[in-house]
Amino acid sequence: MITNQAKQSPVHDEARENEIYPRRSRFRRFFDSPASLNLMYLPALIFFALFIIYPITQGIRISFTNWDGYSAHYSYVGLEKYTYMFTDMKTRRVILNTLVYGIGSTLLQNVFGLAYAVFLNGKIKGKSLVRTIVYIPVIVSPLIMGYIWYFIFQYNGGALNDILLLFGNEAVDWLGKGPRAVWLMTFVNTYQFMGVAMVVYLAGLQAIPKDFLEAAEVDGASGTQKFLHVTLPLLAPAVTISIVLNIIGGLKLFDVIMAMTSGGPGYASHSLSTMMYDLYFPRQDAGFAAALGNLMFVLISAFGLGALWLLRRREVDL
Amino acid sequence: MTKKIFTYLAAGFICIFHFIPFYLLINLALKDQTDTSSKWAIPQYLSLQNFIEVWSQARLGQALVSTLIITGCSVALVVLVGMLAAYPLARFPTRWNNIIYTFSIAILIVPALTVLVPLYKFIVEIHGISKYWSIVLIHTTFFLPTVIFLYTGFIRTIPRELDEAALIDGCSRYSIFLRIIFPLLKPVTASVIILTMLSIWNDYQFSLFFLQKRAVQTVPLVLSQFFSQYQNNLPLAAAGSLLSMVPMALVYLFLQKYFISGLAEGAVKG
């Protein structure tokens, strides 16, 4: 490996160095070679090994046991947790919710983020103020954001119901039904993080050379055609990264759910991540929680890498 | 002309819509706890009682110190380790180094959450529950991939000729990093610091698992307990939420330039 790397550097020639400095120790020579620089990533690798790789292997082991999370005794139960996971209706609901959180908020964030970016890229006075207002929720803790929206959606004295009552309608229990709660929390996640997508798209839009759009105009392209055939393809790299990041972020949604419904009513609005917490701490089924963690691992890698691969193929180079 | 009016109407609507949650929060925080008027109604008096009360009752001061220690140490450590790791990965793309680089990027895609159960077990085994050092190490680990990714991308844009010129002038390979590369990393370091600081400051999930003693709990954690305890006392809860936003809002105010460009660059250049 050392010789392999030495070839890479035009300045490093070991034979010649030996000639010039014959009495240098091997130790000293190693630290003069480029290979020794690889020691610089050793700390990072130690971090990964201790806190990621080792836990992953342990997670696979724990998922085959009936460990309760704290006692020293447990036994191996084989695939029991996994078979239960795929036959249990509650878990199926939770997996479905997780997909709504992940894919739903990805779609919403990117559609609205792109629309806002295109809108704010035009000539508007005070657009930096609009941008700041859209962006500012990003700096708020998602947990707090969940609480704020809880004030709005709550049944008794919620801000939304206040308006409904004012106009003579009946109050609605917004978070009382599973599917609706799931979509409302997807919306809250979108509200909070669409600013990131917007900023990414704005940067992408500003990087598009003006002559491209002018050339299309000369050729008689309409506004819509310019957007679809010039702007959008050139935005592809921004789209890729934004979508991949949003999918990962949405599939692991946790804070907002804990703040707004804690997974309720019943299991109806749990995501895999909140259910993992629920199983591990209050219910003390660590084996099952670990199995869910592994499922999530597979799910997120599949969706994240899948989206990355699909979108990368469609990118055009400038 | 009509198009212009429509544009400004739309802009106005966007502003109002996105500001509503903040309006309600501020409104609520300024109200007396006995005031049962609608959340939309602006109070006719100015009361700062809620802020004083929540500060002492939730012991926010202590939580703020914990959050500051954890965030400060994690950010410093992740910047240091990430910067060091990125240099050889960017400069010597041998097959082995490329494998390591791809591996760190792959970790980026798989979130920490999926290993929480075994990680918790591991931290219990090394007696790290409710200790600052354990959560700092965990935060560092899970932000390292992002940080390595950003630094590697940035170092690749620095011309290699700089390194070679320094080498010919008799600079050792380590001094090249310290004297040539390190000073050039300022802009990307600003982005990295903001990105990691924001997420670590606002983190709830890791803190919920690993910080169980009151004395070391962070602001989001303390507030969440406060919320479940005083569910009916919304003005107090709102005041607490508002207070918790102040530090990051200040950082945003002063470093706005790095905030937005940092996020966008990280995304677009990737």
# chains A, B, ... in the order shown; residues from 1 in each chain; ligands from 1
>>> residues_around(residues="A:Ile95", least_positions_apart="5", cutoff="12 Å", atoms="only C-alpha atoms", output="ChimeraX atom specification")
/A:85-86,88-90,100-102,251-252,267-276,292-293,295-296,299-300
>>> residues_around(residues="A:Tyr150", least_positions_apart="3", cutoff="12 Å", atoms="only C-alpha atoms", output="JSON, numbers by chain")
{"A": [143, 144, 145, 146, 147, 153, 154, 155, 156, 157, 158, 159, 160, 161, 173, 174, 175, 176, 181, 184, 185, 188, 256, 257, 258, 259, 260, 261, 262], "B": [21, 24, 25, 227, 231, 234, 237, 238]}
>>> atom_distance(atom1="atom CA of B:Thr146", atom2="atom CA of B:Ser134")
19.9 Å
>>> residues_around(residues="A:Ser242", least_positions_apart="3", cutoff="8 Å", atoms="only C-alpha atoms", output="ChimeraX atom specification")
/A:110,197,200,238-239,245-246 /B:267
>>> write_last_selection(atoms="C-alpha atoms", output="PDB file, in the first residue's frame")
ATOM      1  CA  ASN A 110     -40.011  19.786  -3.001  1.00  0.00           C
ATOM      2  CA  ALA A 197     -35.579  22.985  -0.192  1.00  0.00           C
ATOM      3  CA  VAL A 200     -31.343  24.857  -2.331  1.00  0.00           C
ATOM      4  CA  ALA A 238     -30.363  20.259  -6.690  1.00  0.00           C
ATOM      5  CA  VAL A 239     -33.469  18.079  -7.040  1.00  0.00           C
ATOM      6  CA  LEU A 245     -32.177  14.379   2.148  1.00  0.00           C
ATOM      7  CA  ASN A 246     -35.942  14.844   2.563  1.00  0.00           C
TER       8      ASN A 246
ATOM      9  CA  ALA B 267     -26.505  20.528  -0.909  1.00  0.00           C
TER      10      ALA B 267
END
>>> atom_distance(atom1="atom CA of A:Thr240", atom2="atom CA of A:Leu308")
6.5 Å
>>> closest_residue(among="B:Met83, B:Ile129, B:Leu242, B:Met197", to="B:Phe149", atoms="only C-alpha atoms")
B:Met83
>>> closest_residue(among="A:Val130, A:Met40, A:Leu311, A:Ala302", to="B:Ile14", atoms="only C-alpha atoms")
A:Val130
>>> select_by_dssp(residues="stretch 82-265 of chain A", states="helix (DSSP H, G or I)", output="number ranges by chain")
A: 82-87, 89-121, 127-139, 142-153, 159-166, 178-206, 210-218, 223-234, 236-251, 255-260
>>> atom_distance(atom1="atom CA of A:Lys210", atom2="atom CA of A:Trp309")
29.4 Å
>>> closest_residue(among="B:Leu64, B:Leu236, B:Ile126, B:Met245", to="chain A", atoms="only C-alpha atoms")
B:Met245
>>> residues_around(residues="stretch 69-75 of chain A", least_positions_apart="6", cutoff="9 Å", atoms="only C-alpha atoms", output="PyMOL selection string")
(chain A and resi 280-281+284-287) or (chain B and resi 117+121)
>>> write_last_selection(atoms="N, CA and C atoms", output="PDB file, in the first residue's frame")
ATOM      1  N   TYR A 280     -39.199   0.067  23.431  1.00  0.00           N
ATOM      2  CA  TYR A 280     -37.995  -0.120  24.232  1.00  0.00           C
ATOM      3  C   TYR A 280     -38.208   0.339  25.665  1.00  0.00           C
ATOM      4  N   PHE A 281     -38.705   1.559  25.839  1.00  0.00           N
ATOM      5  CA  PHE A 281     -38.819   2.056  27.208  1.00  0.00           C
ATOM      6  C   PHE A 281     -40.106   1.657  27.917  1.00  0.00           C
ATOM      7  N   GLN A 284     -40.733  -2.364  27.168  1.00  0.00           N
ATOM      8  CA  GLN A 284     -39.621  -3.265  27.469  1.00  0.00           C
ATOM      9  C   GLN A 284     -39.552  -4.498  26.590  1.00  0.00           C
ATOM     10  N   ASP A 285     -39.705  -4.275  25.292  1.00  0.00           N
ATOM     11  CA  ASP A 285     -39.513  -5.368  24.354  1.00  0.00           C
ATOM     12  C   ASP A 285     -38.349  -4.988  23.440  1.00  0.00           C
ATOM     13  N   ALA A 286     -37.137  -5.074  23.985  1.00  0.00           N
ATOM     14  CA  ALA A 286     -35.969  -4.592  23.245  1.00  0.00           C
ATOM     15  C   ALA A 286     -35.725  -5.410  21.983  1.00  0.00           C
ATOM     16  N   GLY A 287     -36.049  -6.711  22.044  1.00  0.00           N
ATOM     17  CA  GLY A 287     -35.851  -7.562  20.875  1.00  0.00           C
ATOM     18  C   GLY A 287     -36.650  -7.054  19.688  1.00  0.00           C
TER      19      GLY A 287
ATOM     20  N   VAL B 117     -31.255   1.088  19.785  1.00  0.00           N
ATOM     21  CA  VAL B 117     -31.407   0.065  20.823  1.00  0.00           C
ATOM     22  C   VAL B 117     -30.045  -0.528  21.210  1.00  0.00           C
ATOM     23  N   LYS B 121     -27.661   0.033  24.693  1.00  0.00           N
ATOM     24  CA  LYS B 121     -27.104  -1.069  25.472  1.00  0.00           C
ATOM     25  C   LYS B 121     -25.603  -0.874  25.677  1.00  0.00           C
TER      26      LYS B 121
END
>>> residues_around(residues="A:Leu114", least_positions_apart="5", cutoff="12 Å", atoms="only C-alpha atoms", output="PyMOL selection string")
chain A and resi 106-109+119-121+194-205+227+231-232+235-236+238-239+242-243
>>> write_last_selection(atoms="N, CA and C atoms", output="PDB file, in the first residue's frame")
ATOM      1  N   THR A 106     -41.587  14.488   1.519  1.00  0.00           N
ATOM      2  CA  THR A 106     -40.623  14.739   0.444  1.00  0.00           C
ATOM      3  C   THR A 106     -41.312  15.424  -0.736  1.00  0.00           C
ATOM      4  N   LEU A 107     -42.468  14.872  -1.146  1.00  0.00           N
ATOM      5  CA  LEU A 107     -43.204  15.463  -2.269  1.00  0.00           C
ATOM      6  C   LEU A 107     -43.596  16.901  -1.956  1.00  0.00           C
ATOM      7  N   LEU A 108     -44.233  17.106  -0.797  1.00  0.00           N
ATOM      8  CA  LEU A 108     -44.715  18.445  -0.456  1.00  0.00           C
ATOM      9  C   LEU A 108     -43.571  19.446  -0.364  1.00  0.00           C
ATOM     10  N   GLN A 109     -42.496  19.048   0.333  1.00  0.00           N
ATOM     11  CA  GLN A 109     -41.390  19.990   0.513  1.00  0.00           C
ATOM     12  C   GLN A 109     -40.789  20.407  -0.813  1.00  0.00           C
ATOM     13  N   PHE A 119     -40.950  31.524  -7.651  1.00  0.00           N
ATOM     14  CA  PHE A 119     -41.686  32.753  -7.365  1.00  0.00           C
ATOM     15  C   PHE A 119     -40.752  33.839  -6.834  1.00  0.00           C
ATOM     16  N   LEU A 120     -39.897  33.473  -5.884  1.00  0.00           N
ATOM     17  CA  LEU A 120     -39.037  34.481  -5.249  1.00  0.00           C
ATOM     18  C   LEU A 120     -37.791  34.796  -6.064  1.00  0.00           C
ATOM     19  N   ASN A 121     -37.605  34.074  -7.170  1.00  0.00           N
ATOM     20  CA  ASN A 121     -36.476  34.381  -8.033  1.00  0.00           C
ATOM     21  C   ASN A 121     -36.822  35.540  -8.969  1.00  0.00           C
ATOM     22  N   MET A 194     -39.453  23.118   4.555  1.00  0.00           N
ATOM     23  CA  MET A 194     -39.493  23.469   3.134  1.00  0.00           C
ATOM     24  C   MET A 194     -38.557  24.636   2.823  1.00  0.00           C
ATOM     25  N   GLY A 195     -38.203  25.426   3.840  1.00  0.00           N
ATOM     26  CA  GLY A 195     -37.266  26.526   3.636  1.00  0.00           C
ATOM     27  C   GLY A 195     -35.924  26.038   3.107  1.00  0.00           C
ATOM     28  N   VAL A 196     -35.495  24.849   3.572  1.00  0.00           N
ATOM     29  CA  VAL A 196     -34.221  24.308   3.103  1.00  0.00           C
ATOM     30  C   VAL A 196     -34.311  23.992   1.619  1.00  0.00           C
ATOM     31  N   ALA A 197     -35.401  23.300   1.223  1.00  0.00           N
ATOM     32  CA  ALA A 197     -35.579  22.985  -0.192  1.00  0.00           C
ATOM     33  C   ALA A 197     -35.614  24.270  -1.016  1.00  0.00           C
ATOM     34  N   MET A 198     -36.322  25.279  -0.497  1.00  0.00           N
ATOM     35  CA  MET A 198     -36.431  26.549  -1.219  1.00  0.00           C
ATOM     36  C   MET A 198     -35.051  27.166  -1.449  1.00  0.00           C
ATOM     37  N   VAL A 199     -34.233  27.192  -0.392  1.00  0.00           N
ATOM     38  CA  VAL A 199     -32.908  27.808  -0.504  1.00  0.00           C
ATOM     39  C   VAL A 199     -32.027  27.023  -1.481  1.00  0.00           C
ATOM     40  N   VAL A 200     -32.123  25.689  -1.416  1.00  0.00           N
ATOM     41  CA  VAL A 200     -31.343  24.857  -2.331  1.00  0.00           C
ATOM     42  C   VAL A 200     -31.743  25.151  -3.778  1.00  0.00           C
ATOM     43  N   TYR A 201     -33.059  25.243  -4.020  1.00  0.00           N
ATOM     44  CA  TYR A 201     -33.525  25.505  -5.383  1.00  0.00           C
ATOM     45  C   TYR A 201     -33.182  26.917  -5.833  1.00  0.00           C
ATOM     46  N   LEU A 202     -33.251  27.879  -4.904  1.00  0.00           N
ATOM     47  CA  LEU A 202     -32.884  29.251  -5.275  1.00  0.00           C
ATOM     48  C   LEU A 202     -31.429  29.303  -5.726  1.00  0.00           C
ATOM     49  N   ALA A 203     -30.555  28.613  -4.969  1.00  0.00           N
ATOM     50  CA  ALA A 203     -29.138  28.584  -5.350  1.00  0.00           C
ATOM     51  C   ALA A 203     -28.988  27.940  -6.724  1.00  0.00           C
ATOM     52  N   GLY A 204     -29.764  26.869  -6.962  1.00  0.00           N
ATOM     53  CA  GLY A 204     -29.712  26.191  -8.257  1.00  0.00           C
ATOM     54  C   GLY A 204     -30.179  27.101  -9.384  1.00  0.00           C
ATOM     55  N   LEU A 205     -31.271  27.825  -9.130  1.00  0.00           N
ATOM     56  CA  LEU A 205     -31.820  28.720 -10.154  1.00  0.00           C
ATOM     57  C   LEU A 205     -30.833  29.816 -10.509  1.00  0.00           C
ATOM     58  N   PHE A 227     -39.494  26.596 -18.613  1.00  0.00           N
ATOM     59  CA  PHE A 227     -39.349  25.989 -17.301  1.00  0.00           C
ATOM     60  C   PHE A 227     -39.134  24.475 -17.411  1.00  0.00           C
ATOM     61  N   THR A 231     -35.050  25.046 -17.458  1.00  0.00           N
ATOM     62  CA  THR A 231     -34.794  25.236 -16.029  1.00  0.00           C
ATOM     63  C   THR A 231     -34.757  23.909 -15.277  1.00  0.00           C
ATOM     64  N   LEU A 232     -35.810  23.131 -15.449  1.00  0.00           N
ATOM     65  CA  LEU A 232     -35.944  21.909 -14.647  1.00  0.00           C
ATOM     66  C   LEU A 232     -34.784  20.925 -14.862  1.00  0.00           C
ATOM     67  N   LEU A 235     -31.787  22.020 -13.077  1.00  0.00           N
ATOM     68  CA  LEU A 235     -31.906  21.971 -11.618  1.00  0.00           C
ATOM     69  C   LEU A 235     -31.687  20.563 -11.074  1.00  0.00           C
ATOM     70  N   ALA A 236     -31.552  19.592 -11.976  1.00  0.00           N
ATOM     71  CA  ALA A 236     -31.548  18.188 -11.556  1.00  0.00           C
ATOM     72  C   ALA A 236     -30.624  17.871 -10.377  1.00  0.00           C
ATOM     73  N   ALA A 238     -29.727  19.741  -7.905  1.00  0.00           N
ATOM     74  CA  ALA A 238     -30.363  20.259  -6.690  1.00  0.00           C
ATOM     75  C   ALA A 238     -31.554  19.387  -6.299  1.00  0.00           C
ATOM     76  N   VAL A 239     -32.318  18.944  -7.314  1.00  0.00           N
ATOM     77  CA  VAL A 239     -33.469  18.079  -7.040  1.00  0.00           C
ATOM     78  C   VAL A 239     -32.998  16.794  -6.374  1.00  0.00           C
ATOM     79  N   SER A 242     -31.869  17.345  -2.713  1.00  0.00           N
ATOM     80  CA  SER A 242     -32.983  17.754  -1.872  1.00  0.00           C
ATOM     81  C   SER A 242     -33.916  16.575  -1.592  1.00  0.00           C
ATOM     82  N   ILE A 243     -34.233  15.819  -2.635  1.00  0.00           N
ATOM     83  CA  ILE A 243     -35.155  14.694  -2.455  1.00  0.00           C
ATOM     84  C   ILE A 243     -34.541  13.625  -1.564  1.00  0.00           C
TER      85      ILE A 243
END
>>> residues_around(residues="B:Gln44", least_positions_apart="6", cutoff="12 Å", atoms="only C-alpha atoms", output="MDAnalysis selection string")
chainID B and resid 27 30:32 35 37
>>> write_last_selection(atoms="N, CA and C atoms", output="PDB file, in the first residue's frame")
ATOM      1  N   ASN B  27     -48.130  35.725  21.047  1.00  0.00           N
ATOM      2  CA  ASN B  27     -49.380  36.187  21.639  1.00  0.00           C
ATOM      3  C   ASN B  27     -49.691  35.458  22.944  1.00  0.00           C
ATOM      4  N   LEU B  30     -47.466  36.148  26.007  1.00  0.00           N
ATOM      5  CA  LEU B  30     -47.626  37.435  26.685  1.00  0.00           C
ATOM      6  C   LEU B  30     -48.905  37.505  27.512  1.00  0.00           C
ATOM      7  N   LYS B  31     -49.735  36.462  27.427  1.00  0.00           N
ATOM      8  CA  LYS B  31     -51.015  36.525  28.114  1.00  0.00           C
ATOM      9  C   LYS B  31     -50.927  36.063  29.556  1.00  0.00           C
ATOM     10  N   ASP B  32     -51.823  36.612  30.385  1.00  0.00           N
ATOM     11  CA  ASP B  32     -51.956  36.126  31.747  1.00  0.00           C
ATOM     12  C   ASP B  32     -52.441  34.683  31.726  1.00  0.00           C
ATOM     13  N   ASP B  35     -56.187  34.390  31.561  1.00  0.00           N
ATOM     14  CA  ASP B  35     -56.839  34.947  30.377  1.00  0.00           C
ATOM     15  C   ASP B  35     -57.297  33.804  29.473  1.00  0.00           C
ATOM     16  N   SER B  37     -59.280  34.175  26.730  1.00  0.00           N
ATOM     17  CA  SER B  37     -59.766  34.653  25.441  1.00  0.00           C
ATOM     18  C   SER B  37     -59.136  33.829  24.316  1.00  0.00           C
TER      19      SER B  37
END
>>> closest_residue(among="B:Ala86, B:Leu9, B:Ile20, B:Val54", to="B:Ser244", atoms="only C-alpha atoms")
B:Val54
>>> closest_residue(among="A:Ile53, A:Ile148, A:Ala221, A:Ile247", to="B:Pro235", atoms="only C-alpha atoms")
A:Ile148
